[in-house]
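Coordinates from structure28.cif are shown below (mmCIF, C-alpha atoms).
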data_my_file
loop_
_atom_site.label_atom_id
_atom_site.label_comp_id
_atom_site.auth_asym_id
_atom_site.auth_seq_id
_atom_site.Cartn_x
_atom_site.Cartn_y
_atom_site.Cartn_z
CA MET A 232 -18.41 -20.61 8.63
CA PRO A 233 -18.68 -20.59 4.80
CA ILE A 234 -16.61 -18.02 2.96
CA GLN A 235 -18.80 -15.29 1.48
CA PHE A 236 -17.62 -13.49 -1.65
CA ASP A 237 -21.00 -12.05 -2.63
CA VAL A 238 -21.06 -8.30 -3.26
CA ASP A 239 -24.02 -6.56 -1.68
CA PRO A 240 -26.05 -4.32 -4.05
CA PRO A 241 -24.94 -1.04 -2.39
CA VAL A 242 -21.29 -2.09 -2.78
CA ALA A 243 -21.87 -3.12 -6.39
CA GLN A 244 -23.38 0.31 -7.06
CA LEU A 245 -20.36 1.96 -5.43
CA VAL A 246 -18.07 -0.08 -7.70
CA ALA A 247 -20.03 1.05 -10.77
CA SER A 248 -19.97 4.67 -9.64
CA THR A 249 -16.23 4.46 -8.93
CA ALA A 250 -15.52 2.95 -12.35
CA GLU A 251 -17.51 5.72 -14.06
CA PHE A 252 -15.81 8.45 -12.02
CA VAL A 253 -12.36 7.03 -12.76
CA ARG A 254 -13.11 6.78 -16.46
CA GLU A 255 -14.73 10.22 -16.85
CA VAL A 256 -12.72 12.34 -14.41
CA VAL A 257 -9.56 10.69 -13.13
CA ILE A 258 -8.05 9.18 -16.28
CA PRO A 259 -8.22 12.51 -18.17
CA ALA A 260 -6.37 14.14 -15.25
CA GLU A 261 -3.84 11.29 -15.26
CA ARG A 262 -3.21 11.71 -18.98
CA GLU A 263 -2.78 15.45 -18.62
CA GLY A 264 -0.04 14.99 -16.04
CA GLY A 265 1.51 11.86 -17.51
CA GLY A 266 0.65 9.87 -14.39
CA SER A 267 3.38 11.56 -12.34
CA VAL A 268 2.34 13.21 -9.07
CA HIS A 269 5.60 13.20 -7.11
CA ASP A 270 5.72 16.98 -7.38
CA ALA A 271 2.10 17.64 -8.34
CA PRO A 272 0.36 20.67 -6.82
CA GLU A 273 -1.90 20.25 -3.82
CA ALA A 274 -4.67 21.74 -5.94
CA LEU A 275 -4.75 18.58 -8.06
CA ARG A 276 -5.37 16.36 -5.04
CA GLN A 277 -8.06 18.68 -3.74
CA ALA A 278 -9.79 18.87 -7.12
CA LEU A 279 -9.82 15.09 -7.56
CA GLN A 280 -11.13 14.53 -4.06
CA LYS A 281 -13.79 17.20 -4.51
CA GLY A 282 -14.92 15.32 -7.61
CA ALA A 283 -14.99 12.04 -5.68
CA ARG A 284 -17.20 13.59 -3.01
CA GLU A 285 -19.57 14.91 -5.63
CA ALA A 286 -19.70 11.47 -7.26
CA GLY A 287 -20.46 9.87 -3.89
CA VAL A 288 -17.37 7.60 -3.93
CA PHE A 289 -15.07 9.37 -1.46
CA ALA A 290 -13.47 7.43 1.43
CA PRO A 291 -14.98 3.95 0.88
CA HIS A 292 -12.85 2.46 3.68
CA VAL A 293 -13.48 5.06 6.37
CA PRO A 294 -16.05 4.21 9.08
CA THR A 295 -19.36 6.01 8.65
CA SER A 296 -18.76 7.76 11.97
CA TRP A 297 -15.85 9.55 10.34
CA GLY A 298 -17.67 10.37 7.09
CA GLY A 299 -16.88 7.36 4.91
CA HIS A 300 -18.77 4.40 3.48
CA GLY A 301 -17.60 2.00 6.19
CA LEU A 302 -16.81 -0.94 3.90
CA ASP A 303 -15.21 -4.06 5.29
CA LEU A 304 -12.15 -5.43 3.50
CA ARG A 305 -14.23 -7.56 1.12
CA GLY A 306 -16.11 -4.45 0.06
CA GLN A 307 -12.89 -2.48 -0.18
CA ALA A 308 -11.40 -5.15 -2.43
CA VAL A 309 -13.80 -4.55 -5.31
CA VAL A 310 -13.97 -0.77 -4.89
CA PHE A 311 -10.20 -0.34 -4.56
CA GLU A 312 -9.68 -2.43 -7.69
CA ALA A 313 -12.03 -0.11 -9.57
CA ALA A 314 -10.14 2.91 -8.19
CA GLY A 315 -6.76 1.39 -9.07
CA TYR A 316 -7.70 1.23 -12.75
CA SER A 317 -6.15 4.71 -12.84
CA LEU A 318 -2.87 5.57 -11.16
CA LEU A 319 -4.63 8.55 -9.56
CA GLY A 320 -7.86 6.80 -8.65
CA PRO A 321 -6.84 5.88 -5.07
CA LEU A 322 -5.64 9.45 -4.48
CA ALA A 323 -9.00 10.79 -5.64
CA LEU A 324 -10.95 8.46 -3.33
CA ASN A 325 -8.56 9.21 -0.43
CA CYS A 326 -7.70 5.52 -0.20
CA ALA A 327 -4.09 5.73 -1.41
CA ALA A 328 -1.03 4.70 0.54
CA PRO A 329 0.12 5.72 3.09
CA ASP A 330 -2.96 7.63 4.24
CA GLU A 331 -5.35 4.69 3.90
CA GLY A 332 -3.22 2.47 6.15
CA ASN A 333 -2.68 5.28 8.64
CA MET A 334 -6.43 5.87 8.89
CA HIS A 335 -6.94 2.21 9.73
CA LEU A 336 -4.16 2.30 12.33
CA LEU A 337 -5.48 5.44 13.99
CA GLU A 338 -9.04 4.12 14.07
CA LYS A 339 -7.85 0.95 15.81
CA VAL A 340 -5.09 2.22 18.11
CA ALA A 341 -5.38 5.98 18.75
CA THR A 342 -6.95 7.56 21.81
CA GLU A 343 -10.14 9.56 21.32
CA GLU A 344 -8.17 12.81 21.55
CA GLN A 345 -5.69 11.57 18.95
CA LYS A 346 -8.53 10.53 16.64
CA GLN A 347 -10.07 13.98 16.80
CA LYS A 348 -6.74 15.68 16.11
CA TYR A 349 -5.33 13.33 13.45
CA LEU A 350 -7.90 10.87 12.10
CA ARG A 351 -10.77 13.29 11.55
CA PRO A 352 -8.92 15.69 9.18
CA LEU A 353 -7.08 12.80 7.50
CA ALA A 354 -10.32 10.95 6.75
CA ALA A 355 -11.84 14.16 5.39
CA GLY A 356 -8.92 14.79 3.07
CA GLU A 357 -8.04 18.01 4.84
CA THR A 358 -4.49 16.85 5.48
CA ARG A 359 -2.07 14.08 4.49
CA SER A 360 0.22 11.86 6.54
CA CYS A 361 3.21 9.55 6.30
CA PHE A 362 4.49 6.44 8.09
CA ALA A 363 8.17 6.74 9.00
CA MET A 364 9.73 3.37 9.71
CA THR A 365 12.21 2.52 6.92
CA GLU A 366 15.80 3.62 7.48
CA PRO A 367 19.02 3.70 5.44
CA ALA A 368 21.29 0.68 5.95
CA PRO A 369 22.10 -0.69 8.43
CA GLY A 370 18.79 0.46 9.87
CA ALA A 371 15.28 -0.95 9.59
CA GLY A 372 14.22 -2.18 6.16
CA ALA A 373 12.96 -5.63 5.30
CA ASP A 374 13.97 -6.55 8.87
CA PRO A 375 12.26 -4.00 11.15
CA ARG A 376 14.20 -5.32 14.15
CA SER A 377 17.21 -3.40 12.80
CA LEU A 378 15.49 -0.19 13.94
CA ARG A 379 18.06 2.43 14.97
CA THR A 380 16.07 5.63 15.38
CA THR A 381 15.78 6.21 19.13
CA ALA A 382 13.30 7.91 21.42
CA THR A 383 14.66 8.87 24.83
CA ARG A 384 12.61 10.02 27.79
CA VAL A 385 12.94 13.71 28.64
CA PRO A 386 10.89 15.85 31.04
CA GLY A 387 7.32 15.87 29.72
CA GLY A 388 7.86 13.53 26.81
CA TRP A 389 10.36 11.99 24.40
CA ARG A 390 13.32 13.10 22.27
CA ILE A 391 13.54 11.40 18.86
CA ASP A 392 16.86 11.08 17.03
CA GLY A 393 17.53 9.20 13.81
CA ARG A 394 17.14 9.12 10.06
CA LYS A 395 14.34 7.70 7.87
CA TRP A 396 14.15 7.31 4.12
CA PHE A 397 11.71 6.25 1.39
CA ILE A 398 8.98 7.85 3.49
CA THR A 399 6.08 8.12 1.06
CA GLY A 400 4.08 11.34 1.13
CA ALA A 401 6.22 13.08 3.75
CA ASP A 402 6.65 16.28 1.73
CA GLY A 403 3.66 18.43 2.66
CA ALA A 404 2.17 15.93 5.11
CA GLY A 405 0.52 17.32 8.21
CA PHE A 406 2.02 14.69 10.49
CA ALA A 407 4.14 11.55 10.59
CA ILE A 408 3.70 8.30 12.46
CA VAL A 409 7.29 7.60 13.51
CA MET A 410 8.68 4.28 14.70
CA ALA A 411 11.53 4.68 17.18
CA ARG A 412 13.36 2.39 19.57
CA THR A 413 12.55 3.10 23.22
CA SER A 414 14.38 0.09 24.67
CA GLY A 415 16.77 -2.64 23.61
CA SER A 416 19.25 -2.57 20.75
CA PRO A 417 19.12 -2.99 16.96
CA GLY A 418 18.31 -6.61 16.26
CA ASP A 419 16.05 -7.06 19.28
CA PRO A 420 12.51 -8.19 18.41
CA GLY A 421 10.77 -5.61 20.63
CA GLY A 422 11.39 -2.23 22.18
CA ALA A 423 9.82 0.00 19.51
CA THR A 424 7.21 2.70 20.01
CA MET A 425 5.09 4.69 17.55
CA PHE A 426 4.87 8.47 17.89
CA LEU A 427 2.62 11.05 16.27
CA VAL A 428 4.86 13.90 15.15
CA ASP A 429 3.39 17.09 13.72
CA ALA A 430 5.16 18.35 10.60
CA ASP A 431 6.09 21.67 12.25
CA THR A 432 7.78 20.01 15.25
CA PRO A 433 11.30 21.43 15.68
CA GLY A 434 13.97 18.84 14.98
CA MET A 435 12.13 17.02 12.18
CA ARG A 436 13.20 18.03 8.69
CA ILE A 437 13.10 16.63 5.18
CA VAL A 438 16.60 16.59 3.71
CA ARG A 439 15.81 15.38 0.22
CA THR A 440 13.24 13.91 -2.14
CA ILE A 441 14.43 10.57 -3.54
CA GLU A 442 14.08 10.02 -7.27
CA THR A 443 12.46 6.65 -7.85
CA LEU A 444 11.21 4.38 -10.61
CA ASP A 445 7.59 5.01 -9.63
CA GLU A 446 5.97 8.45 -9.72
CA SER A 447 2.29 7.91 -8.92
CA LEU A 448 2.39 8.22 -5.12
CA PHE A 449 1.57 11.79 -4.19
CA ALA A 450 4.55 13.86 -2.97
CA GLY A 451 6.98 11.03 -3.68
CA HIS A 452 9.43 9.51 -1.20
CA SER A 453 11.54 11.55 1.20
CA GLU A 454 14.51 11.22 3.51
CA ILE A 455 13.87 12.69 6.95
CA VAL A 456 16.26 13.53 9.78
CA PHE A 457 15.21 13.72 13.43
CA GLU A 458 17.59 15.68 15.65
CA GLU A 459 16.50 16.35 19.21
CA CYS A 460 12.89 16.26 18.05
CA VAL A 461 10.87 16.49 21.27
CA VAL A 462 7.25 15.36 21.48
CA GLY A 463 4.89 15.15 24.44
CA GLU A 464 3.77 12.01 26.22
CA GLU A 465 0.36 12.42 24.57
CA GLN A 466 2.03 11.85 21.18
CA VAL A 467 2.69 8.16 21.91
CA LEU A 468 0.50 6.07 19.61
CA GLY A 469 -0.41 2.81 21.31
CA ALA A 470 1.73 1.36 24.08
CA VAL A 471 5.36 2.15 24.81
CA ASP A 472 7.69 -0.64 23.63
CA ARG A 473 4.82 -2.28 21.71
CA GLY A 474 5.23 -0.39 18.45
CA PHE A 475 5.94 -3.45 16.34
CA ASP A 476 2.70 -5.01 17.57
CA GLY A 477 0.81 -1.84 16.74
CA ALA A 478 2.39 -1.65 13.31
CA GLN A 479 1.03 -5.10 12.49
CA VAL A 480 -2.48 -3.68 12.91
CA ARG A 481 -1.62 -1.45 9.97
CA LEU A 482 0.72 -3.56 7.87
CA GLY A 483 -1.43 -6.66 7.36
CA PRO A 484 -4.46 -4.89 5.89
CA ALA A 485 -2.26 -2.30 4.15
CA ARG A 486 -0.40 -5.02 2.25
CA LEU A 487 -3.72 -6.39 1.07
CA THR A 488 -5.11 -3.00 0.04
CA HIS A 489 -1.94 -2.48 -2.01
CA CYS A 490 -2.85 -5.69 -3.82
CA MET A 491 -6.39 -4.46 -4.43
CA ARG A 492 -5.27 -1.19 -5.98
CA TRP A 493 -2.56 -2.69 -8.16
CA LEU A 494 -4.92 -5.36 -9.43
CA GLY A 495 -6.88 -2.53 -11.01
CA ALA A 496 -3.74 -1.42 -12.83
CA ALA A 497 -3.13 -4.97 -14.05
CA ARG A 498 -6.68 -5.19 -15.35
CA ARG A 499 -6.20 -1.95 -17.25
CA ALA A 500 -2.99 -3.26 -18.82
CA GLN A 501 -4.74 -6.47 -19.85
CA GLU A 502 -7.58 -4.54 -21.46
CA VAL A 503 -5.09 -2.51 -23.48
CA ALA A 504 -3.44 -5.76 -24.60
CA LEU A 505 -6.78 -7.36 -25.48
CA GLU A 506 -7.82 -4.37 -27.55
CA ARG A 507 -4.51 -4.48 -29.41
CA ALA A 508 -4.70 -8.24 -29.90
CA GLY A 509 -8.18 -7.93 -31.35
CA SER A 510 -7.33 -5.18 -33.83
CA ARG A 511 -3.68 -5.42 -34.88
CA THR A 512 -2.99 -7.53 -37.97
CA ALA A 513 0.33 -9.32 -38.50
CA PHE A 514 1.39 -12.35 -40.52
CA GLY A 515 -2.01 -12.47 -42.18
CA SER A 516 -3.95 -12.70 -38.90
CA VAL A 517 -5.02 -10.59 -35.97
CA LEU A 518 -2.64 -10.98 -33.03
CA GLY A 519 -5.34 -12.60 -30.93
CA ASP A 520 -5.40 -15.59 -33.29
CA LEU A 521 -1.67 -16.27 -32.92
CA GLY A 522 -0.80 -19.02 -30.48
CA MET A 523 1.99 -17.28 -28.58
CA VAL A 524 -0.12 -14.16 -28.09
CA GLN A 525 -3.05 -16.30 -26.97
CA GLN A 526 -0.86 -17.94 -24.35
CA MET A 527 0.21 -14.58 -22.94
CA LEU A 528 -3.37 -13.33 -22.85
CA ALA A 529 -4.59 -16.52 -21.20
CA ASP A 530 -1.81 -16.46 -18.60
CA SER A 531 -2.71 -12.88 -17.73
CA GLU A 532 -6.37 -13.78 -17.34
CA ILE A 533 -5.31 -16.57 -14.98
CA ASP A 534 -3.07 -14.23 -12.97
CA ILE A 535 -5.85 -11.63 -12.63
CA GLU A 536 -8.52 -14.12 -11.59
CA ALA A 537 -6.21 -15.93 -9.17
CA SER A 538 -5.12 -12.62 -7.63
CA ARG A 539 -8.70 -11.47 -7.16
CA ALA A 540 -9.72 -14.77 -5.55
CA LEU A 541 -6.73 -14.70 -3.20
CA ILE A 542 -7.42 -11.08 -2.23
CA LEU A 543 -11.06 -11.86 -1.44
CA ARG A 544 -10.13 -14.96 0.55
CA THR A 545 -7.59 -13.01 2.60
CA ALA A 546 -10.00 -10.11 3.08
CA TRP A 547 -12.58 -12.55 4.44
CA GLU A 548 -10.05 -14.04 6.85
CA LEU A 549 -9.12 -10.56 8.10
CA ASP A 550 -12.75 -9.46 8.38
CA THR A 551 -13.61 -12.51 10.47
CA GLY A 552 -10.50 -12.32 12.65
CA SER A 553 -9.16 -15.68 11.53
CA ALA A 554 -5.69 -16.73 12.63
CA ALA A 555 -5.03 -17.79 9.02
CA ALA A 556 -5.04 -14.13 7.95
CA VAL A 557 -1.41 -13.57 8.93
CA GLN A 558 -0.14 -16.28 6.59
CA LEU A 559 -2.54 -15.42 3.79
CA THR A 560 -1.59 -11.76 3.90
CA SER A 561 2.01 -12.69 3.08
CA VAL A 562 0.86 -15.16 0.43
CA SER A 563 -1.36 -12.52 -1.19
CA LYS A 564 1.31 -9.83 -1.13
CA THR A 565 3.88 -12.12 -2.74
CA PHE A 566 1.63 -13.66 -5.38
CA VAL A 567 -0.24 -10.53 -6.41
CA ALA A 568 2.88 -8.35 -6.58
CA GLU A 569 4.49 -10.81 -8.96
CA ALA A 570 1.29 -11.54 -10.91
CA VAL A 571 0.65 -7.85 -11.51
CA ASN A 572 4.18 -7.45 -12.83
CA ARG A 573 3.68 -10.41 -15.16
CA VAL A 574 0.40 -9.06 -16.52
CA VAL A 575 1.79 -5.61 -17.26
CA ASP A 576 4.98 -7.03 -18.76
CA ARG A 577 3.00 -9.31 -21.09
CA ALA A 578 0.82 -6.40 -22.16
CA VAL A 579 3.91 -4.41 -23.12
CA GLN A 580 5.22 -7.37 -25.13
CA ILE A 581 1.93 -7.91 -26.94
CA CYS A 582 1.66 -4.23 -27.87
CA GLY A 583 5.25 -3.99 -29.11
CA ALA A 584 6.35 -0.46 -29.92
CA LEU A 585 3.02 0.88 -28.69
CA GLY A 586 3.70 -0.80 -25.35
CA ILE A 587 6.85 1.19 -24.68
CA SER A 588 5.43 4.48 -25.92
CA ALA A 589 4.95 7.01 -23.15
CA ALA A 590 2.53 9.10 -25.18
CA ASP A 591 0.21 6.64 -26.88
CA ALA A 592 -0.55 4.03 -24.20
CA PRO A 593 -0.35 3.80 -20.38
CA LEU A 594 1.71 0.60 -20.34
CA ALA A 595 5.19 2.11 -20.07
CA ARG A 596 4.09 4.12 -17.07
CA LEU A 597 2.32 1.12 -15.51
CA LEU A 598 5.43 -1.02 -15.94
CA ARG A 599 7.49 1.52 -14.01
CA GLU A 600 4.85 1.84 -11.32
CA VAL A 601 4.25 -1.84 -10.58
CA ARG A 602 7.88 -2.96 -10.39
CA PRO A 603 8.55 -1.46 -6.94
CA PHE A 604 5.44 -3.23 -5.61
CA ARG A 605 7.60 -6.37 -5.28
CA ILE A 606 9.74 -4.44 -2.76
CA TYR A 607 7.32 -2.11 -0.96
CA ASP A 608 5.63 -3.49 2.19
CA GLY A 609 8.17 -6.29 2.36
CA PRO A 610 10.08 -7.78 -0.58
CA SER A 611 8.90 -11.10 -1.96
CA GLU A 612 11.93 -12.87 -0.52
CA THR A 613 11.12 -11.72 3.03
CA HIS A 614 7.52 -12.85 2.70
CA ARG A 615 8.59 -16.24 1.33
CA PHE A 616 10.87 -16.66 4.33
CA ALA A 617 7.95 -15.91 6.67
CA ILE A 618 5.53 -18.12 4.72
CA ALA A 619 7.86 -21.11 4.86
CA ARG A 620 8.68 -20.58 8.53
CA ARG A 621 4.99 -20.56 9.48
CA ALA A 622 4.23 -23.55 7.25
CA VAL A 623 6.92 -25.76 8.77
CA ARG A 624 6.26 -24.75 12.37
CA PRO A 625 3.63 -27.45 13.13
CA TYR A 626 5.96 -30.12 11.72
CA ARG A 627 9.13 -29.03 13.48
CA GLN A 628 10.58 -31.76 15.70
CA PRO A 629 12.29 -30.91 19.00
CA ARG A 630 16.06 -30.87 18.76
CA THR A 631 17.64 -33.75 20.67
CA GLY A 632 21.30 -33.16 19.88
CA ALA A 633 23.69 -32.98 16.98
CA ALA A 634 23.30 -35.33 14.03
CA ASP A 635 26.43 -37.29 15.04
CA GLY A 636 25.01 -37.92 18.51
CA SER A 637 27.49 -35.69 20.35
#

Can you present the structure in this file as structure tokens?
Amino acid sequence: MPIQFDVDPPVAQLVASTAEFVREVVIPAEREGGGSVHDAPEALRQALQKGAREAGVFAPHVPTSWGGHGLDLRGQAVVFEAAGYSLLGPLALNCAAPDEGNMHLLEKVATEEQKQKYLRPLAAGETRSCFAMTEPAPGAGADPRSLRTTATRVPGGWRIDGRKWFITGADGAGFAIVMARTSGSPGDPGGATMFLVDADTPGMRIVRTIETLDESLFAGHSEIVFEECVVGEEQVLGAVDRGFDGAQVRLGPARLTHCMRWLGAARRAQEVALERAGSRTAFGSVLGDLGMVQQMLADSEIDIEASRALILRTAWELDTGSAAAVQLTSVSKTFVAEAVNRVVDRAVQICGALGISAADAPLARLLREVRPFRIYDGPSETHRFAIARRAVRPYRQPRTGAADGS
């Protein structure tokens, strides 16, 4: 089957409408707040999403049955990039992390009753959510098998005990999707289960908001403690002991949608650099005529185009259910995370003092925002490990004994 990258006319129109909405509505709101929404009022989110509905660009990823545009991942790629041009664009379109990934997970895994209770209001922007898997050391991080939060059977349901941190959007969320160990021990590859936990459930409490380098993810990142937090059997999301399998339904596409959004930020940084290079005079020439500046601009163009092509290729593989999607998702996450960082860093260098100014250009903020992308959803090193392991697997020879013949 040939790979199709063509954008259908309705999707192209949605991209144009998104770009206009971001430029006219979202960027002014971003500038007013300095790009930081860790402690922004709920009214800001509601106002931006109201504007997105009025502009006809709200929820591009949500199935039409739940009130969205129903785009596949190839369609999402171009729309999410347009939204990501502003740090607040994804929030406005209701396609920001972690809600966007949680919507996808619920649509694929939840029961009909769970969809009505959790997916419907989430897709409509009536509530927010979080995904609680990461734990303080020595718990689950880059290696989810280290999971230490437990869920123990009790009459009528499960008791959850443990601690999570760097849980994006937890403060003010209506519910959490919580990963807990229901069998086995830390280090075992299975034995995890996902639970839907309402925010007002006794025994779940936020103990602190973690100050971080980035500030553009709504409500920031929290540390949560679960102490004798009891939920009913109907709160199990997916199958018991198959939580890691269920999480992969979310994590693969969510890693790619991160790439889509951050590519928009990289493109914005490059446009700032290009404008500066075409207007700033130094050493008797505009910067854009100087060889070293030209190299940086060219390298950024290459990084942007290569990232976009890789995203579209991976989106196509996921849309068509190809087995190659697993490998390409890791490749995309690693390459795009690093390429985006390179593009923004070059833009800062080209713009000099303007590049590090918090008031006169968005680059300083963008630099802070994109750096954690190389860690979130799996650090580059973990993905490289997985990429290499999958690549060598077909060539691995059976072991016949030690090298010395013993």

(message) Report as a PyMOL selection string all protein, DNA and RNA residues lying within 10 Å of segment 329-338 of chain A, evaluated on all atoms listed in the file, omitting residues in the same chain fewer than 2 positions from it.
(response) chain A and resi 290+292-294+297+321-322+324-327+340-343+345-346+349-351+353-354+356+358-362+398-401+404+407-408+448-449+468-469+477-486+488-489

(message) For a quick check of understanding, using only C-alpha atoms, which of A:Arg436, A:Thr365, A:Ala430, A:Ala373 has the smallest distance to Ala411 of chain A?
(response) A:Thr365

(request) Determine, counting all atoms listed in the file, which protein, DNA and RNA residues have an atom within 9 Å of an atom of segment 386-390 of chain A; residues of the same chain fewer than 6 positions away are not included. Present the result as a PyMOL selection string. (result) chain A and resi 458-467

(message) For the PyMOL selection byres ((chain A and resi 305) around 8), applied here, can you spell out every residue it catches as an MDAnalysis selection string?
(response) chainID A and resid 236 302:304 306:309 543 546:547 550

Could you state which residues are captured by the PyMOL selection byres ((chain A and resi 234) around 9) in this file, as a PDB file with C-alpha atoms, keeping the file's coordinate frame?
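Generated file (expr_8.pdb):
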ATOM      1  CA  MET A 232     -18.410 -20.610   8.630  1.00  0.00           C
ATOM      2  CA  PRO A 233     -18.680 -20.590   4.800  1.00  0.00           C
ATOM      3  CA  GLN A 235     -18.800 -15.290   1.480  1.00  0.00           C
ATOM      4  CA  PHE A 236     -17.620 -13.490  -1.650  1.00  0.00           C
ATOM      5  CA  ARG A 544     -10.130 -14.960   0.550  1.00  0.00           C
ATOM      6  CA  TRP A 547     -12.580 -12.550   4.440  1.00  0.00           C
ATOM      7  CA  GLU A 548     -10.050 -14.040   6.850  1.00  0.00           C
TER       8      GLU A 548
END

(request) Do a neighbour search on Ile533 of chain A at 10 Å with all atoms listed in the file, toss out local chain neighbours closer than 5 positions, and write the hits as a count of residues only. (result) 6

(request) Quick one: everything within 8 Å of Gly421 of chain A, counting all atoms listed in the file, minus sequence neighbours fewer than 3 positions away in the same chain. Send it as a list in words. (result) Arg376, Ser414, Gly415, Asp472, Arg473, Gly474 and Phe475 of chain A

(request) Go through A:Gln277, A:Gln525, A:Thr560, A:Thr249 and flag the residue nearest Tyr316 of chain A, using all atoms listed in the file for the distances. (result) A:Thr249

Expand the PyMOL selection byres ((chain A and resi 447) around 6) into the explicit residue set it covers here, and present it as an mmCIF file with C-alpha atoms, in the coordinates of the input.
data_model
loop_
_atom_site.group_PDB
_atom_site.id
_atom_site.type_symbol
_atom_site.label_atom_id
_atom_site.label_comp_id
_atom_site.auth_asym_id
_atom_site.auth_seq_id
_atom_site.Cartn_x
_atom_site.Cartn_y
_atom_site.Cartn_z
ATOM 1 C CA SER A 267 3.380 11.560 -12.340
ATOM 2 C CA VAL A 268 2.340 13.210 -9.070
ATOM 3 C CA GLU A 446 5.970 8.450 -9.720
ATOM 4 C CA LEU A 448 2.390 8.220 -5.120
#

Build an axis-aligned box that encloses every atom of segment 403-421 of chain A listed in the file, pad it by 5 Å on each side, and report its centre and edge lengths in Å to one decimal, as JSON.
{"center_x": 9.9, "center_y": 5.1, "center_z": 13.7, "size_x": 28.7, "size_y": 36.6, "size_z": 32.0}

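Checking A:Val579, A:Phe566, A:Pro417, A:Ala617 one by one against Arg605 of chain A, counting only C-alpha atoms, you find the shortest gap at A:Phe566.
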